[in-house]
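Participant: The file below is target07.pdb, PDB, C-alpha atoms:
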```
ATOM      1  CA  MET A   1      -0.081  -1.727  11.695  1.00  0.00           C
ATOM      2  CA  SER A   2      -3.455  -2.024  10.044  1.00  0.00           C
ATOM      3  CA  ARG A   3      -5.370   1.068   9.177  1.00  0.00           C
ATOM      4  CA  VAL A   4      -8.583   2.108  10.832  1.00  0.00           C
ATOM      5  CA  ILE A   5     -11.155   3.164   8.252  1.00  0.00           C
ATOM      6  CA  ASN A   6     -14.711   4.400   8.714  1.00  0.00           C
ATOM      7  CA  ALA A   7     -16.612   1.663   6.881  1.00  0.00           C
ATOM      8  CA  ASP A   8     -19.817  -0.314   6.924  1.00  0.00           C
ATOM      9  CA  PRO A   9     -19.224  -2.975   9.608  1.00  0.00           C
ATOM     10  CA  HIS A  10     -20.760  -5.789   7.541  1.00  0.00           C
ATOM     11  CA  GLY A  11     -19.511  -5.282   4.005  1.00  0.00           C
ATOM     12  CA  ARG A  12     -16.487  -3.176   5.033  1.00  0.00           C
ATOM     13  CA  ILE A  13     -17.371  -0.690   2.280  1.00  0.00           C
ATOM     14  CA  ALA A  14     -15.554   2.583   2.933  1.00  0.00           C
ATOM     15  CA  LEU A  15     -16.692   6.147   2.196  1.00  0.00           C
ATOM     16  CA  GLN A  16     -20.361   5.090   2.184  1.00  0.00           C
ATOM     17  CA  GLY A  17     -19.750   3.659  -1.286  1.00  0.00           C
ATOM     18  CA  TYR A  18     -18.447   6.905  -2.786  1.00  0.00           C
ATOM     19  CA  ASP A  19     -15.526   6.910  -5.203  1.00  0.00           C
ATOM     20  CA  PRO A  20     -12.417   8.242  -3.359  1.00  0.00           C
ATOM     21  CA  VAL A  21     -10.705   9.271  -6.599  1.00  0.00           C
ATOM     22  CA  ALA A  22     -13.651  11.316  -7.931  1.00  0.00           C
ATOM     23  CA  PHE A  23     -13.354  13.860  -5.108  1.00  0.00           C
ATOM     24  CA  HIS A  24      -9.893  14.713  -6.449  1.00  0.00           C
ATOM     25  CA  THR A  25     -10.391  14.325 -10.201  1.00  0.00           C
ATOM     26  CA  ALA A  26     -14.047  15.235 -10.809  1.00  0.00           C
ATOM     27  CA  GLY A  27     -14.306  17.676  -7.921  1.00  0.00           C
ATOM     28  CA  GLN A  28     -17.489  16.039  -6.731  1.00  0.00           C
ATOM     29  CA  ALA A  29     -18.847  13.195  -4.651  1.00  0.00           C
ATOM     30  CA  LEU A  30     -19.717  10.362  -7.035  1.00  0.00           C
ATOM     31  CA  LYS A  31     -21.261   7.092  -5.913  1.00  0.00           C
ATOM     32  CA  GLY A  32     -19.086   4.158  -6.836  1.00  0.00           C
ATOM     33  CA  ASN A  33     -20.347   1.256  -8.895  1.00  0.00           C
ATOM     34  CA  PRO A  34     -20.632  -1.826  -6.630  1.00  0.00           C
ATOM     35  CA  ALA A  35     -19.261  -3.895  -9.530  1.00  0.00           C
ATOM     36  CA  ILE A  36     -16.016  -1.849  -9.577  1.00  0.00           C
ATOM     37  CA  LEU A  37     -14.320  -2.513  -6.248  1.00  0.00           C
ATOM     38  CA  ALA A  38     -10.765  -2.444  -4.962  1.00  0.00           C
ATOM     39  CA  GLU A  39      -9.685  -3.792  -1.617  1.00  0.00           C
ATOM     40  CA  TYR A  40      -7.264  -1.924   0.598  1.00  0.00           C
ATOM     41  CA  ASP A  41      -6.131  -3.263   3.964  1.00  0.00           C
ATOM     42  CA  GLY A  42      -9.297  -5.348   4.305  1.00  0.00           C
ATOM     43  CA  TYR A  43     -11.670  -2.536   3.302  1.00  0.00           C
ATOM     44  CA  LYS A  44     -13.520  -2.170   0.008  1.00  0.00           C
ATOM     45  CA  PHE A  45     -13.688   1.009  -2.029  1.00  0.00           C
ATOM     46  CA  ALA A  46     -16.165   1.452  -4.871  1.00  0.00           C
ATOM     47  CA  PHE A  47     -15.359   3.430  -8.019  1.00  0.00           C
ATOM     48  CA  ALA A  48     -17.373   5.257 -10.657  1.00  0.00           C
ATOM     49  CA  SER A  49     -15.036   3.982 -13.389  1.00  0.00           C
ATOM     50  CA  GLU A  50     -12.276   1.469 -14.085  1.00  0.00           C
ATOM     51  CA  GLU A  51      -9.929   4.439 -14.639  1.00  0.00           C
ATOM     52  CA  ASN A  52     -10.562   5.681 -11.100  1.00  0.00           C
ATOM     53  CA  LYS A  53     -10.016   2.179  -9.713  1.00  0.00           C
ATOM     54  CA  ALA A  54      -6.696   1.968 -11.591  1.00  0.00           C
ATOM     55  CA  ALA A  55      -5.633   5.381 -10.247  1.00  0.00           C
ATOM     56  CA  PHE A  56      -6.455   4.252  -6.691  1.00  0.00           C
ATOM     57  CA  GLU A  57      -4.571   0.987  -7.087  1.00  0.00           C
ATOM     58  CA  LYS A  58      -1.556   2.866  -8.437  1.00  0.00           C
ATOM     59  CA  ASP A  59      -1.404   5.386  -5.557  1.00  0.00           C
ATOM     60  CA  SER A  60      -3.868   4.468  -2.785  1.00  0.00           C
ATOM     61  CA  GLU A  61      -2.244   6.758  -0.207  1.00  0.00           C
ATOM     62  CA  LYS A  62      -3.050   9.792  -2.356  1.00  0.00           C
ATOM     63  CA  TYR A  63      -6.765   8.986  -2.425  1.00  0.00           C
ATOM     64  CA  LEU A  64      -7.452   7.500   1.005  1.00  0.00           C
ATOM     65  CA  PRO A  65      -9.578   9.839   3.117  1.00  0.00           C
ATOM     66  CA  ALA A  66      -7.742  11.690   5.884  1.00  0.00           C
ATOM     67  CA  TYR A  67      -8.304  10.287   9.384  1.00  0.00           C
ATOM     68  CA  GLY A  68      -9.705   7.064   7.997  1.00  0.00           C
ATOM     69  CA  GLY A  69     -12.750   8.916   6.700  1.00  0.00           C
ATOM     70  CA  TYR A  70     -13.884   9.952  10.170  1.00  0.00           C
ATOM     71  CA  CYS A  71     -14.859  13.527  11.046  1.00  0.00           C
ATOM     72  CA  ALA A  72     -11.708  15.671  11.058  1.00  0.00           C
ATOM     73  CA  PHE A  73     -13.058  17.965  13.776  1.00  0.00           C
ATOM     74  CA  GLY A  74     -13.887  14.939  15.922  1.00  0.00           C
ATOM     75  CA  ILE A  75     -10.364  13.607  15.470  1.00  0.00           C
ATOM     76  CA  SER A  76      -8.967  17.034  16.409  1.00  0.00           C
ATOM     77  CA  ILE A  77     -10.678  16.643  19.818  1.00  0.00           C
ATOM     78  CA  GLY A  78      -9.933  12.927  20.097  1.00  0.00           C
ATOM     79  CA  VAL A  79     -13.391  11.531  19.257  1.00  0.00           C
ATOM     80  CA  LEU A  80     -14.611   9.331  16.374  1.00  0.00           C
ATOM     81  CA  PHE A  81     -17.649  10.893  14.686  1.00  0.00           C
ATOM     82  CA  PRO A  82     -19.394   9.658  11.534  1.00  0.00           C
ATOM     83  CA  VAL A  83     -19.519  11.985   8.537  1.00  0.00           C
ATOM     84  CA  GLU A  84     -21.844  13.447   5.957  1.00  0.00           C
ATOM     85  CA  ILE A  85     -20.321  13.007   2.505  1.00  0.00           C
ATOM     86  CA  ASP A  86     -21.453  16.456   1.337  1.00  0.00           C
ATOM     87  CA  THR A  87     -19.089  18.068   3.889  1.00  0.00           C
ATOM     88  CA  TRP A  88     -16.064  16.888   1.915  1.00  0.00           C
ATOM     89  CA  GLU A  89     -13.187  19.152   0.910  1.00  0.00           C
ATOM     90  CA  ILE A  90      -9.646  18.681  -0.302  1.00  0.00           C
ATOM     91  CA  ILE A  91      -7.137  20.197   2.145  1.00  0.00           C
ATOM     92  CA  ASP A  92      -3.454  20.009   1.223  1.00  0.00           C
ATOM     93  CA  GLY A  93      -4.255  17.240  -1.250  1.00  0.00           C
ATOM     94  CA  ARG A  94      -6.156  15.141   1.317  1.00  0.00           C
ATOM     95  CA  LEU A  95      -9.860  14.292   1.314  1.00  0.00           C
ATOM     96  CA  VAL A  96     -11.261  15.652   4.584  1.00  0.00           C
ATOM     97  CA  LEU A  97     -14.786  14.952   5.842  1.00  0.00           C
ATOM     98  CA  GLN A  98     -16.854  16.355   8.692  1.00  0.00           C
ATOM     99  CA  TYR A  99     -19.832  15.332  10.828  1.00  0.00           C
ATOM    100  CA  SER A 100     -22.079  18.107   9.500  1.00  0.00           C
ATOM    101  CA  ALA A 101     -22.048  21.444   7.690  1.00  0.00           C
ATOM    102  CA  GLU A 102     -22.064  23.217  11.085  1.00  0.00           C
ATOM    103  CA  VAL A 103     -19.050  21.230  12.276  1.00  0.00           C
ATOM    104  CA  LYS A 104     -17.279  21.984   8.986  1.00  0.00           C
ATOM    105  CA  GLN A 105     -17.765  25.709   9.682  1.00  0.00           C
ATOM    106  CA  MET A 106     -16.381  25.312  13.222  1.00  0.00           C
ATOM    107  CA  PHE A 107     -13.360  23.437  11.856  1.00  0.00           C
ATOM    108  CA  ALA A 108     -12.743  26.137   9.234  1.00  0.00           C
ATOM    109  CA  LYS A 109     -12.479  28.893  11.877  1.00  0.00           C
ATOM    110  CA  ASP A 110      -8.956  27.668  12.684  1.00  0.00           C
ATOM    111  CA  LYS A 111      -8.272  25.128   9.956  1.00  0.00           C
ATOM    112  CA  VAL A 112      -4.471  25.095  10.334  1.00  0.00           C
ATOM    113  CA  GLU A 113      -4.575  24.454  14.082  1.00  0.00           C
ATOM    114  CA  ASN A 114      -7.415  21.932  13.781  1.00  0.00           C
ATOM    115  CA  ILE A 115      -5.492  19.982  11.120  1.00  0.00           C
ATOM    116  CA  ARG A 116      -2.396  20.030  13.364  1.00  0.00           C
ATOM    117  CA  LYS A 117      -4.415  18.675  16.321  1.00  0.00           C
ATOM    118  CA  ALA A 118      -6.161  16.068  14.166  1.00  0.00           C
ATOM    119  CA  ASP A 119      -2.868  14.855  12.683  1.00  0.00           C
ATOM    120  CA  ALA A 120      -1.343  14.478  16.156  1.00  0.00           C
ATOM    121  CA  ASN A 121      -4.426  12.775  17.614  1.00  0.00           C
ATOM    122  CA  TRP A 122      -4.946  10.450  14.647  1.00  0.00           C
ATOM    123  CA  ALA A 123      -1.532   8.830  15.041  1.00  0.00           C
ATOM    124  CA  LYS A 124      -2.345   7.962  18.682  1.00  0.00           C
ATOM    125  CA  MET A 125      -5.982   7.026  18.047  1.00  0.00           C
ATOM    126  CA  GLN A 126      -5.136   4.745  15.150  1.00  0.00           C
ATOM    127  CA  ALA A 127      -2.594   2.860  17.257  1.00  0.00           C
ATOM    128  CA  ASP A 128      -5.139   2.441  20.101  1.00  0.00           C
ATOM    129  CA  LEU A 129      -7.980   1.400  17.769  1.00  0.00           C
ATOM    130  CA  ALA A 130      -5.845  -1.155  15.929  1.00  0.00           C
ATOM    131  CA  LYS A 131      -5.175  -3.087  19.166  1.00  0.00           C
TER
END
```
For the structure just supplied, provide its representation as structure tokens.
Facilitator:
Amino acid sequence: MSRVINADPHGRIALQGYDPVAFHTAGQALKGNPAILAEYDGYKFAFASEENKAAFEKDSEKYLPAYGGYCAFGISIGVLFPVEIDTWEIIDGRLVLQYSAEVKQMFAKDKVENIRKADANWAKMQADLAK
């Protein structure tokens, strides 16, 4: 089954052009260089460095955003919402994004339960969206 990833519909650039590895290694949101791209399942990811691109190519699953890069709270209630990059956080080793700072606060009130709901919903939603 193909993955569903929140990406620009024209260029299929994921994560709004941010480097997925940098969230984990640099602890910050870094814009990727459009000249340093890797493709994954038909989507393009941009990287701040060749080292980050190599790390992604070695273990893409580790660096892919949770829930395809859609809002985790939205997924927990069964809805696809876009995200603001500055809401990012690493939860259990996964890059998690939210619609807004307010939504991130709502999600954090019961993070464990919201992650459980999002994980369960995402499996179903991804199957439906991939059809």
Participant: Name the residues that the PyMOL selection byres ((chain A and resi 44) around 12) picks from the file above, as a PyMOL selection string, using the file's chain letters and numbers.
Facilitator: chain A and resi 5-20+32-43+45-47+53+56-57+64
Participant: Closest to Tyr63 (chain A) among A:Val103, A:Val112, A:Ala22, A:Leu80, using all atoms listed in the file?
Facilitator: A:Ala22
Participant: Could you list, as a list in words, every residue within 12 Å of Ala130 (chain A), counting only C-alpha atoms and ignoring same-chain residues fewer than 3 positions away?
Facilitator: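 Counting only the stated atoms, we get Met1, Ser2, Arg3, Val4, Ile5, Trp122, Ala123, Lys124, Met125, Gln126 and Ala127 of chain A.
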Participant: Hey, can you check how far CA of Ile115 (chain A) sits from CA of Asn52 (chain A)?
Facilitator: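 Between CA of Ile115 (chain A) and CA of Asn52 (chain A) the gap works out to 26.9 Å.
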Participant: Evaluate the PyMOL selection byres ((chain A and resi 85) around 8) on the structure here and hand back the selected residues as a JSON list (two decimals) with C-alpha atoms, in the frame of the given file.
Facilitator:
```
[["chain", "number", "residue", "atom", "x", "y", "z"],
["A", 15, "LEU", "CA", -16.69, 6.15, 2.20],
["A", 16, "GLN", "CA", -20.36, 5.09, 2.18],
["A", 29, "ALA", "CA", -18.85, 13.20, -4.65],
["A", 83, "VAL", "CA", -19.52, 11.98, 8.54],
["A", 84, "GLU", "CA", -21.84, 13.45, 5.96],
["A", 86, "ASP", "CA", -21.45, 16.46, 1.34],
["A", 87, "THR", "CA", -19.09, 18.07, 3.89],
["A", 88, "TRP", "CA", -16.06, 16.89, 1.92],
["A", 97, "LEU", "CA", -14.79, 14.95, 5.84],
["A", 98, "GLN", "CA", -16.85, 16.36, 8.69]]
```
Participant: Could you list as a list in words every residue that has an atom within 12 Å of (-11.4, 10.5, 19.2), using the file's coordinates and counting only C-alpha atoms?
Facilitator: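 Output of the proximity query reads Tyr67, Gly68, Tyr70, Cys71, Ala72, Phe73, Gly74, Ile75, Ser76, Ile77, Gly78, Val79, Leu80, Phe81, Pro82, Lys117, Ala118, Asp119, Ala120, Asn121, Trp122, Ala123, Lys124, Met125, Gln126, Ala127, Asp128 and Leu129 of chain A.
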Participant: I'd like to know which of A:Asn114, A:Gly93, A:Met106, A:Gly27 is closest to Pro65 (chain A), using only C-alpha atoms.
Facilitator: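 Selected residue with least distance to Pro65 (chain A): A:Gly93.
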Participant: Enter the distance from CA of Glu61 (chain A) to CA of Glu102 (chain A), in Å, rounded to one decimal.
Facilitator: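 Those two atoms sit 28.1 Å apart.
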Participant: Give me the residues within 10 Å of Lys62 (chain A) as a list in words, counting all atoms listed in the file and dropping any in the same chain fewer than 4 places off.
Facilitator: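 In the requested form, the answer reads Pro20, Val21, His24, Ala55, Phe56, Lys58, Ala66, Gly93, Arg94 and Leu95 of chain A.
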Participant: Kindly give the distance, in Å, that separates CA of Lys109 (chain A) and CA of Gly69 (chain A), rounded to a single decimal.
Facilitator: 20.6 Å
